[in-house]
file model.cif (mmCIF, C-alpha atoms (C1' of nucleotides))
data_structure
loop_
_atom_site.label_atom_id
_atom_site.label_comp_id
_atom_site.auth_asym_id
_atom_site.auth_seq_id
_atom_site.Cartn_x
_atom_site.Cartn_y
_atom_site.Cartn_z
CA MET A 1 71.95 4.11 39.21
CA THR A 2 71.22 7.73 38.58
CA ASP A 3 73.03 10.89 37.66
CA THR A 4 73.71 11.70 41.29
CA HIS A 5 76.05 8.71 41.37
CA LEU A 6 78.15 10.28 38.69
CA GLN A 7 78.51 13.53 40.58
CA ASP A 8 79.13 11.55 43.75
CA TYR A 9 81.95 9.41 42.36
CA ILE A 10 83.69 12.33 40.74
CA GLU A 11 83.55 14.34 43.89
CA ARG A 12 84.88 11.59 46.12
CA ILE A 13 87.68 10.68 43.74
CA ALA A 14 88.61 14.34 43.41
CA HIS A 15 88.65 14.74 47.19
CA LEU A 16 90.98 11.80 47.61
CA ILE A 17 93.37 12.95 44.92
CA ARG A 18 93.31 16.47 46.23
CA SER A 19 94.05 15.40 49.75
CA GLU A 20 97.01 13.39 48.51
CA THR A 21 98.22 16.24 46.38
CA ARG A 22 98.13 18.40 49.46
CA ILE A 23 100.37 15.98 51.33
CA ALA A 24 102.73 15.55 48.39
CA GLY A 25 103.11 19.30 48.03
CA ALA A 26 103.47 20.05 51.72
CA ASP A 27 107.22 19.35 51.68
CA PHE A 28 107.65 22.01 49.03
CA ASP A 29 105.09 24.48 50.32
CA LEU A 30 102.96 23.91 47.23
CA GLN A 31 99.17 23.93 47.43
CA PRO A 32 97.06 21.58 45.26
CA ILE A 33 95.82 24.26 42.89
CA GLN A 34 99.35 25.63 42.58
CA GLN A 35 100.64 22.24 41.52
CA SER A 36 97.85 21.86 39.00
CA ALA A 37 98.38 25.28 37.50
CA LEU A 38 102.12 24.73 37.28
CA HIS A 39 101.55 21.39 35.62
CA TYR A 40 99.20 22.93 33.11
CA LEU A 41 101.58 25.74 32.25
CA ALA A 42 104.39 23.26 31.69
CA HIS A 43 102.26 21.74 28.93
CA ALA A 44 100.65 24.81 27.39
CA ASN A 45 101.68 26.27 24.03
CA ARG A 46 102.44 29.96 23.39
CA TYR A 47 98.78 30.79 22.78
CA SER A 48 97.77 29.21 26.04
CA ASP A 49 100.36 30.10 28.66
CA THR A 50 98.41 33.09 30.00
CA PRO A 51 96.36 33.70 33.17
CA GLN A 52 93.23 33.76 31.03
CA ALA A 53 93.96 30.28 29.69
CA VAL A 54 94.51 28.93 33.20
CA THR A 55 91.17 30.44 34.15
CA GLU A 56 89.42 28.63 31.31
CA TYR A 57 91.26 25.38 31.83
CA PHE A 58 90.23 24.93 35.44
CA GLY A 59 86.96 26.81 35.37
CA LEU A 60 88.04 29.30 38.03
CA THR A 61 87.64 33.06 38.11
CA LYS A 62 90.42 35.34 36.95
CA GLY A 63 90.84 36.80 40.40
CA THR A 64 91.50 33.42 41.92
CA VAL A 65 93.95 32.52 39.17
CA SER A 66 95.78 35.80 39.58
CA GLN A 67 96.44 34.90 43.22
CA THR A 68 97.73 31.46 42.37
CA ILE A 69 100.10 32.82 39.76
CA LYS A 70 101.40 35.45 42.12
CA ALA A 71 102.22 32.77 44.66
CA LEU A 72 104.01 30.61 42.11
CA GLU A 73 105.99 33.57 40.85
CA ALA A 74 107.02 34.53 44.39
CA LYS A 75 108.37 31.01 44.85
CA GLY A 76 110.47 31.31 41.70
CA LEU A 77 108.63 28.51 39.91
CA LEU A 78 107.14 30.75 37.25
CA GLU A 79 108.30 33.73 35.25
CA ARG A 80 106.27 36.47 33.66
CA GLY A 81 106.88 37.59 30.08
CA ALA A 82 105.31 40.28 27.94
CA ASP A 83 103.50 39.68 24.67
CA ALA A 84 105.07 41.26 21.61
CA GLN A 85 101.74 42.06 19.93
CA ASP A 86 99.30 42.61 22.77
CA GLY A 87 100.32 44.70 25.75
CA ARG A 88 97.56 43.28 27.93
CA LYS A 89 98.70 39.70 27.73
CA VAL A 90 101.12 38.01 30.08
CA HIS A 91 103.02 34.84 29.21
CA LEU A 92 103.93 32.46 31.99
CA LYS A 93 106.99 30.24 31.72
CA VAL A 94 107.77 27.49 34.17
CA THR A 95 111.33 27.92 35.46
CA PRO A 96 113.80 25.01 35.71
CA ALA A 97 113.10 24.98 39.45
CA GLY A 98 109.40 24.66 38.68
CA LYS A 99 109.95 21.77 36.29
CA LYS A 100 112.14 20.02 38.81
CA LEU A 101 109.44 20.31 41.44
CA LEU A 102 106.71 19.02 39.13
CA LYS A 103 108.60 15.80 38.59
CA LYS A 104 108.53 15.16 42.29
CA THR A 105 104.89 15.97 42.98
CA MET A 106 102.83 15.10 39.89
CA PRO A 107 101.00 12.81 39.68
CA ALA A 108 99.95 11.90 43.20
CA ARG A 109 101.47 8.67 44.48
CA THR A 110 98.39 6.47 44.75
CA VAL A 111 97.13 7.69 41.39
CA THR A 112 100.37 6.34 39.97
CA GLY A 113 99.84 3.13 41.91
CA VAL A 114 96.28 2.62 40.77
CA TRP A 115 97.27 3.42 37.22
CA ALA A 116 100.08 0.89 37.32
CA ASP A 117 97.66 -1.79 38.50
CA MET A 118 95.26 -1.26 35.57
CA ASP A 119 95.55 -3.18 32.36
CA GLU A 120 95.92 -1.33 29.11
CA GLY A 121 92.29 -1.72 28.05
CA MET A 122 91.00 -0.34 31.30
CA ARG A 123 93.34 2.65 31.10
CA THR A 124 92.28 3.77 27.66
CA ASP A 125 88.61 3.10 28.38
CA LEU A 126 88.71 5.17 31.52
CA LEU A 127 90.50 8.07 29.86
CA VAL A 128 88.17 8.07 26.87
CA HIS A 129 85.14 8.17 29.12
CA LEU A 130 86.48 10.92 31.30
CA LYS A 131 87.53 12.95 28.29
CA ASN A 132 84.06 12.64 26.77
CA LEU A 133 82.43 13.62 30.03
CA LEU A 134 84.69 16.63 30.37
CA GLN A 135 84.05 17.74 26.82
CA ASP A 136 80.31 17.33 27.19
CA LEU A 137 80.36 19.46 30.30
CA GLN A 138 82.53 22.04 28.61
CA ARG A 139 80.27 22.17 25.58
CA LYS A 140 77.24 22.72 27.80
CA ASN A 141 79.09 25.52 29.56
CA GLU A 142 80.33 27.00 26.29
CA MET A 143 83.92 26.51 27.30
CA ASN A 144 87.01 25.73 25.24
CA ALA A 145 88.05 22.10 25.40
CA PHE A 146 91.82 22.45 24.97
CA GLY A 147 93.87 19.89 23.08
CA VAL A 148 97.01 19.24 21.03
CA CYS A 149 97.56 20.12 17.37
CA LYS A 150 97.48 16.52 16.25
CA THR A 151 93.71 16.38 16.74
CA CYS A 152 93.01 20.01 15.75
CA ARG A 153 91.23 21.10 12.61
CA PHE A 154 93.45 24.16 12.26
CA ASN A 155 96.60 22.10 12.05
CA ARG A 156 98.15 21.59 8.59
CA LYS A 157 101.17 19.47 7.86
CA THR A 158 103.40 21.43 5.48
CA GLY A 159 106.24 18.99 5.11
CA ASP A 160 108.39 16.47 6.87
CA ASN A 161 107.95 17.41 10.54
CA ARG A 162 106.72 20.90 9.61
CA PHE A 163 103.36 22.26 10.72
CA PHE A 164 101.25 25.36 10.20
CA CYS A 165 98.32 26.70 12.22
CA GLU A 166 95.48 27.94 9.98
CA LEU A 167 93.92 29.89 12.83
CA THR A 168 96.90 31.98 13.88
CA GLN A 169 98.53 31.76 10.42
CA GLU A 170 101.84 30.88 12.00
CA PRO A 171 104.24 27.97 11.51
CA LEU A 172 104.70 25.73 14.53
CA ARG A 173 107.78 23.87 15.66
CA PRO A 174 107.24 20.10 15.98
CA ALA A 175 107.64 20.23 19.77
CA GLU A 176 104.97 22.92 19.98
CA THR A 177 102.40 20.68 18.37
CA GLU A 178 102.58 18.42 21.41
CA LEU A 179 101.44 21.17 23.76
CA LEU A 180 97.94 22.10 24.88
CA CYS A 181 96.11 24.87 23.07
CA ARG A 182 93.08 26.81 24.24
CA GLU A 183 92.01 27.41 20.64
CA HIS A 184 91.87 23.71 19.86
CA GLU A 185 88.93 22.53 17.80
CA THR A 186 88.50 18.85 17.09
CA SER A 187 89.01 17.93 13.45
CA THR A 188 85.91 16.38 11.98
CA ALA A 189 87.88 14.43 9.40
CA MET B 190 98.57 9.17 27.59
CA THR B 191 99.93 8.96 31.08
CA ASP B 192 98.68 8.92 34.62
CA THR B 193 98.82 12.70 34.84
CA HIS B 194 95.95 12.78 32.33
CA LEU B 195 93.79 10.84 34.72
CA GLN B 196 94.43 13.24 37.57
CA ASP B 197 93.97 16.10 35.17
CA TYR B 198 90.57 15.03 33.84
CA ILE B 199 89.21 14.24 37.28
CA GLU B 200 90.30 17.58 38.61
CA ARG B 201 88.83 19.58 35.75
CA ILE B 202 85.54 17.71 35.80
CA ALA B 203 85.33 18.15 39.55
CA HIS B 204 86.03 21.86 39.25
CA LEU B 205 83.24 22.32 36.73
CA ILE B 206 80.72 20.36 38.76
CA ARG B 207 81.73 22.15 41.91
CA SER B 208 81.40 25.54 40.35
CA GLU B 209 77.92 24.64 39.13
CA THR B 210 76.98 23.25 42.48
CA ARG B 211 78.01 26.53 44.01
CA ILE B 212 75.71 28.44 41.69
CA ALA B 213 72.82 26.00 42.22
CA GLY B 214 73.17 26.31 45.98
CA ALA B 215 73.60 30.06 46.06
CA ASP B 216 69.87 30.70 46.03
CA PHE B 217 69.53 28.63 49.18
CA ASP B 218 72.73 29.73 50.89
CA LEU B 219 74.13 26.23 50.55
CA GLN B 220 77.83 25.62 49.92
CA PRO B 221 79.00 22.74 47.68
CA ILE B 222 80.31 20.59 50.52
CA GLN B 223 77.15 21.24 52.50
CA GLN B 224 75.04 19.96 49.63
CA SER B 225 77.22 16.90 49.25
CA ALA B 226 77.13 16.07 52.95
CA LEU B 227 73.37 16.53 53.06
CA HIS B 228 72.96 14.31 50.04
CA TYR B 229 75.11 11.64 51.60
CA LEU B 230 73.22 11.73 54.89
CA ALA B 231 69.91 11.37 53.07
CA HIS B 232 71.20 8.05 51.75
CA ALA B 233 73.11 6.71 54.74
CA ASN B 234 71.84 3.89 56.96
CA ARG B 235 71.72 3.98 60.77
CA TYR B 236 75.31 2.77 61.08
CA SER B 237 76.52 5.48 58.76
CA ASP B 238 74.65 8.67 59.59
CA THR B 239 77.36 10.01 61.90
CA PRO B 240 79.99 12.75 61.57
CA GLN B 241 82.66 10.05 61.50
CA ALA B 242 81.03 8.39 58.49
CA VAL B 243 80.84 11.68 56.62
CA THR B 244 84.53 12.14 57.36
CA GLU B 245 85.37 8.77 55.82
CA TYR B 246 83.04 9.16 52.89
CA PHE B 247 84.57 12.37 51.62
CA GLY B 248 88.10 11.93 52.91
CA LEU B 249 88.02 15.09 55.00
CA THR B 250 89.13 15.63 58.58
CA LYS B 251 86.70 15.43 61.45
CA GLY B 252 87.19 19.07 62.33
CA THR B 253 86.14 20.15 58.87
CA VAL B 254 83.12 17.87 58.92
CA SER B 255 82.08 19.14 62.31
CA GLN B 256 81.90 22.66 60.87
CA THR B 257 79.83 21.57 57.90
CA ILE B 258 77.35 19.76 60.11
CA LYS B 259 77.04 22.70 62.42
CA ALA B 260 76.17 24.92 59.49
CA LEU B 261 73.56 22.49 58.17
CA GLU B 262 72.01 22.15 61.60
CA ALA B 263 71.84 25.92 62.04
CA LYS B 264 69.93 26.11 58.75
CA GLY B 265 67.40 23.54 60.00
CA LEU B 266 68.30 21.01 57.32
CA LEU B 267 69.73 18.48 59.72
CA GLU B 268 68.85 17.22 63.19
CA ARG B 269 71.06 15.69 65.81
CA GLY B 270 70.07 12.52 67.65
CA ALA B 271 71.75 10.52 70.40
CA ASP B 272 72.83 6.90 70.12
CA ALA B 273 71.07 4.49 72.47
CA GLN B 274 74.13 2.32 73.00
CA ASP B 275 77.11 4.64 72.62
CA GLY B 276 77.04 8.05 74.26
CA ARG B 277 79.81 9.35 72.04
CA LYS B 278 77.97 8.87 68.78
CA VAL B 279 75.71 11.38 67.10
CA HIS B 280 73.12 10.45 64.50
CA LEU B 281 72.25 12.96 61.82
CA LYS B 282 68.80 13.00 60.26
CA VAL B 283 67.92 15.12 57.26
CA THR B 284 64.81 17.15 58.03
CA PRO B 285 61.88 17.48 55.58
CA ALA B 286 63.21 20.94 54.74
CA GLY B 287 66.58 19.37 53.96
CA LYS B 288 65.04 16.75 51.69
CA LYS B 289 63.04 19.37 49.90
CA LEU B 290 66.14 21.40 49.24
CA LEU B 291 68.11 18.43 47.97
CA LYS B 292 65.55 17.81 45.27
CA LYS B 293 66.15 21.28 43.95
CA THR B 294 69.93 21.32 43.99
CA MET B 295 71.18 17.78 43.37
CA PRO B 296 72.46 16.86 40.89
CA ALA B 297 73.88 19.90 39.16
CA ARG B 298 71.98 20.96 36.07
CA THR B 299 74.55 20.26 33.36
CA VAL B 300 75.42 16.94 34.96
CA THR B 301 71.78 16.01 34.48
CA GLY B 302 71.97 17.29 30.94
CA VAL B 303 75.10 15.40 30.02
CA TRP B 304 73.70 12.28 31.64
CA ALA B 305 70.49 12.55 29.66
CA ASP B 306 72.47 12.80 26.42
CA MET B 307 74.38 9.56 27.08
CA ASP B 308 73.15 6.23 25.86
CA GLU B 309 72.63 3.43 28.34
CA GLY B 310 75.89 1.62 27.54
CA MET B 311 77.94 4.72 28.04
CA ARG B 312 76.29 5.43 31.36
CA THR B 313 76.96 2.06 32.92
CA ASP B 314 80.49 1.93 31.48
CA LEU B 315 81.33 5.29 32.93
CA LEU B 316 79.92 4.49 36.35
CA VAL B 317 81.66 1.12 36.51
CA HIS B 318 84.98 2.70 35.65
CA LEU B 319 84.61 5.49 38.16
CA LYS B 320 83.50 3.11 40.86
CA ASN B 321 86.52 0.90 40.26
CA LEU B 322 88.84 3.86 40.31
CA LEU B 323 87.35 5.11 43.55
CA GLN B 324 87.56 1.70 45.18
CA ASP B 325 91.17 1.23 44.08
CA LEU B 326 92.08 4.57 45.57
CA GLN B 327 90.21 3.77 48.75
CA ARG B 328 91.92 0.41 49.06
CA LYS B 329 95.33 2.02 48.65
CA ASN B 330 94.40 4.53 51.36
CA GLU B 331 92.94 1.85 53.61
CA MET B 332 89.54 3.49 53.57
CA ASN B 333 86.07 2.00 53.71
CA ALA B 334 84.37 1.81 50.35
CA PHE B 335 80.71 2.22 51.41
CA GLY B 336 77.92 0.41 49.64
CA VAL B 337 74.43 -1.01 49.92
CA CYS B 338 73.44 -4.31 51.55
CA LYS B 339 72.61 -5.96 48.25
CA THR B 340 76.30 -6.28 47.41
CA CYS B 341 77.54 -6.82 50.98
CA ARG B 342 78.94 -10.04 52.32
CA PHE B 343 77.33 -9.48 55.74
CA ASN B 344 73.85 -9.36 54.30
CA ARG B 345 71.67 -12.46 54.73
CA LYS B 346 68.20 -12.90 53.32
CA THR B 347 66.04 -14.44 56.01
CA GLY B 348 62.72 -14.60 54.22
CA ASP B 349 60.48 -12.83 51.79
CA ASN B 350 61.71 -9.24 51.93
CA ARG B 351 63.43 -9.84 55.27
CA PHE B 352 67.15 -9.24 55.83
CA PHE B 353 69.70 -9.71 58.58
CA CYS B 354 73.16 -8.14 59.01
CA GLU B 355 75.75 -10.70 60.14
CA LEU B 356 78.14 -7.97 61.24
CA THR B 357 75.85 -6.05 63.57
CA GLN B 358 73.65 -9.08 64.27
CA GLU B 359 70.55 -7.03 63.68
CA PRO B 360 67.56 -7.46 61.37
CA LEU B 361 67.19 -4.78 58.69
CA ARG B 362 64.04 -3.36 57.21
CA PRO B 363 63.85 -3.70 53.41
CA ALA B 364 64.15 0.06 52.90
CA GLU B 365 67.29 0.13 55.01
CA THR B 366 69.05 -2.28 52.71
CA GLU B 367 68.95 0.35 49.99
CA LEU B 368 71.00 2.81 52.02
CA LEU B 369 74.75 3.32 52.13
CA CYS B 370 76.76 1.62 54.85
CA ARG B 371 80.27 2.43 56.01
CA GLU B 372 80.81 -1.19 57.07
CA HIS B 373 80.07 -2.51 53.61
CA GLU B 374 82.33 -5.28 52.35
CA THR B 375 81.89 -6.61 48.86
CA SER B 376 80.58 -10.14 48.74
CA THR B 377 83.01 -12.45 46.99
CA ALA B 378 80.27 -14.83 45.94
"C1'" DT C 379 91.21 1.38 88.45
"C1'" DA C 380 94.34 3.16 85.07
"C1'" DA C 381 95.61 3.52 80.32
"C1'" DT C 382 94.23 3.83 75.87
"C1'" DA C 383 91.03 4.24 72.00
"C1'" DT C 384 87.20 6.39 69.75
"C1'" DA C 385 83.62 10.15 68.64
"C1'" DG C 386 83.11 14.58 68.38
"C1'" DT C 387 83.90 19.84 69.15
"C1'" DT C 388 86.46 24.00 69.25
"C1'" DT C 389 90.05 27.08 68.01
"C1'" DC C 390 93.37 28.75 64.98
"C1'" DG C 391 95.54 30.06 60.85
"C1'" DA C 392 96.46 29.32 56.03
"C1'" DA C 393 94.54 28.77 51.60
"C1'" DT C 394 90.62 28.76 48.29
"C1'" DC C 395 87.52 31.13 45.86
"C1'" DG C 396 84.07 34.35 43.86
"C1'" DA C 397 82.43 39.06 43.43
"C1'" DA C 398 83.29 43.48 42.45
"C1'" DA C 399 86.00 47.44 41.67
"C1'" DC C 400 89.89 48.79 39.35
"C1'" DT C 401 93.84 49.67 35.67
"C1'" DA C 402 95.55 49.22 31.16
"C1'" DT C 403 95.52 48.03 26.46
"C1'" DA C 404 92.78 46.79 22.06
"C1'" DT C 405 89.13 46.94 19.10
"C1'" DT C 406 85.09 48.80 17.22
"C1'" DA C 407 81.79 52.38 16.12
"C1'" DA C 408 80.50 56.98 15.37
"C1'" DT D 409 89.95 60.75 15.63
"C1'" DT D 410 87.62 60.33 19.32
"C1'" DA D 411 84.32 57.76 22.17
"C1'" DA D 412 82.41 53.44 23.55
"C1'" DT D 413 83.12 48.91 24.41
"C1'" DA D 414 85.67 44.62 24.97
"C1'" DT D 415 89.46 42.04 26.78
"C1'" DA D 416 93.50 40.87 30.00
"C1'" DG D 417 94.86 41.18 34.25
"C1'" DT D 418 95.29 42.88 39.33
"C1'" DT D 419 93.71 44.09 43.80
"C1'" DT D 420 90.69 44.04 47.66
"C1'" DC D 421 87.30 41.99 50.37
"C1'" DG D 422 84.81 38.62 52.81
"C1'" DA D 423 82.86 34.03 53.17
"C1'" DT D 424 84.14 29.38 53.14
"C1'" DT D 425 87.13 25.39 53.20
"C1'" DC D 426 90.24 22.81 55.36
"C1'" DG D 427 93.84 20.64 58.26
"C1'" DA D 428 96.28 20.59 62.63
"C1'" DA D 429 96.15 20.47 67.24
"C1'" DA D 430 94.18 20.86 71.64
"C1'" DC D 431 90.28 19.62 74.03
"C1'" DT D 432 85.99 17.01 76.21
"C1'" DA D 433 83.48 12.94 76.90
"C1'" DT D 434 82.45 8.21 76.61
"C1'" DA D 435 84.11 3.21 75.77
"C1'" DT D 436 87.13 -0.35 75.84
"C1'" DT D 437 91.06 -2.73 77.33
"C1'" DA D 438 94.78 -3.93 80.45
#

call {"tool": "encode", "arguments": {"input": "model.cif", "output": "structure tokens"}}
result
Amino acid sequence: MTDTHLQDYIERIAHLIRSETRIAGADFDLQPIQQSALHYLAHANRYSDTPQAVTEYFGLTKGTVSQTIKALEAKGLLERGADAQDGRKVHLKVTPAGKKLLKKTMPARTVTGVWADMDEGMRTDLLVHLKNLLQDLQRKNEMNAFGVCKTCRFNRKTGDNRFFCELTQEPLRPAETELLCREHETSTA
Amino acid sequence: MTDTHLQDYIERIAHLIRSETRIAGADFDLQPIQQSALHYLAHANRYSDTPQAVTEYFGLTKGTVSQTIKALEAKGLLERGADAQDGRKVHLKVTPAGKKLLKKTMPARTVTGVWADMDEGMRTDLLVHLKNLLQDLQRKNEMNAFGVCKTCRFNRKTGDNRFFCELTQEPLRPAETELLCREHETSTA
DNA sequence: TAATATAGTTTCGAATCGAAACTATATTAA
DNA sequence: TTAATATAGTTTCGATTCGAAACTATATTA
């Protein structure tokens, strides 16, 4: 057992999932990376719903991401919004049509099947391991890890169901704290 | 935690590894899938060193694989051989140049790094989980799982360091039993 | 001997992706 | 208050990936 096995397994699993995703999306003219990006954007908070964040999340280049977003927008699954403070930034909102589509395509069918067949212990173990692996790789590549407020060191609870972000110095609605943030830093508490 | 997380982690990890693999191979004009195929063929036994086997191993189509092989052959990293019994089959041998190259590119650098940072328990846990996941997906897709003789139900030990395959009815050299086989079926012993 | 199955190649077109050049807005330094 | 630099994003380009389908050739089965 060596480190090539790790790379090998990941690659083969990814190929299988990708090939399924391709089939699942074919009925809706949705490519794998388009589905993934749409899925991400449906779960990203207001600091993280930009092309730049998508770029970081998937480790792609900004040119590639720009193409993907253009395609999704043309299909009416995504809408572009301006940023009030920064004229360079673009905010991407998934349209109702986009959300409807996501329900049909994500996750891939056999992933759901395999998941359903696992017992609870196996599920959490697997996710914990994958998460650690991802974070280790991201750390080595000096990338942001992304995460939700609950586990973030910048998150402060200011009352019953009221939260405040110490980084952006803004209050957050409870629902927002469930979304992914590119500025997330694990709390060391 | 839901099944979308699983798909999500796998995809992001795969993207990172792939992007590194691309960089590692750039110096040698080797694409990610070319590296992977070459690596596989360097570890495949004589029943599994064919284009068809590569197709199954990575879950690609035969047309795609044919392209990849052509490219590797043109670069002198792979050589084509005929099958003595079946005129349709092609056997693919990695050349010394190919083996030399593999040592330099596989596995990707940060994968090696992350692996080195893990303790032994973590390593085996992670690999076991990934292997299970892969096999579950393969079972659901009615694909061959690939594996080495040691864990195969067709493998019979016929003496000191002597082995025999009950499926192909052929004796196997000890070194061969360490290679990957597309006909592998887990022994239920 | 004919029909079918399997192994592999070729051709085609769509999509992926990175690299590099480019525009526009922000931030920092002089 | 400019000028320089950094950041966000788009566009263009070309190489590669990939699947689908048509094709050739050999094996197997009827």

call {"tool": "residues_around", "arguments": {"input": "model.cif", "residues": "DA392 of chain C", "least_positions_apart": "6", "cutoff": "12 Å", "atoms": "all atoms listed in the file", "output": "VMD selection string"}}
result
(chain A and resid 29 31) or (chain D and resid 425 to 428)

call {"tool": "residues_around", "arguments": {"input": "model.cif", "residues": "Thr377 of chain B", "least_positions_apart": "2", "cutoff": "12 Å", "atoms": "all atoms listed in the file", "output": "number ranges by chain"}}
result
B: 340-343, 374-375

call {"tool": "interface_residues", "arguments": {"input": "model.cif", "of": "chain A", "to": "chain B", "cutoff": "7 Å", "atoms": "only C-alpha atoms", "output": "number ranges by chain"}}
result
A: 3-4, 6-7, 9-16, 58-59, 106-107, 110, 112, 114-115, 126-127, 129-131, 134, 136-137, 140

call {"tool": "residues_around", "arguments": {"input": "model.cif", "residues": "DT436 of chain D", "least_positions_apart": "2", "cutoff": "10 Å", "atoms": "all atoms listed in the file", "output": "VMD selection string"}}
result
(chain C and resid 382 to 384) or (chain D and resid 434 438)

call {"tool": "interface_residues", "arguments": {"input": "model.cif", "of": "chain C", "to": "chain B", "cutoff": "8 Å", "atoms": "all atoms listed in the file", "output": "PyMOL selection string"}}
result
chain C and resi 385-387

call {"tool": "resolve_selection", "arguments": {"input": "model.cif", "expression": "the PyMOL selection byres ((chain C and resi 398-405) around 10)", "output": "PyMOL selection string"}}
result
(chain A and resi 86-89) or (chain C and resi 396-397+406-407) or (chain D and resi 413-421)

call {"tool": "atom_distance", "arguments": {"input": "model.cif", "atom1": "atom CA of Thr257 of chain B", "atom2": "atom CA of Thr21 of chain A"}}
result
22.3 Å

call {"tool": "closest_residue", "arguments": {"input": "model.cif", "among": "B:Leu230, B:Val283, B:Leu219, B:Leu290", "to": "chain D", "atoms": "all atoms listed in the file"}}
result
B:Leu219

call {"tool": "atom_distance", "arguments": {"input": "model.cif", "atom1": "atom CA of Ala364 of chain B", "atom2": "atom CA of Ile258 of chain B"}}
result
24.8 Å

call {"tool": "atom_distance", "arguments": {"input": "model.cif", "atom1": "atom CA of Leu369 of chain B", "atom2": "atom CA of Lys264 of chain B"}}
result
24.2 Å
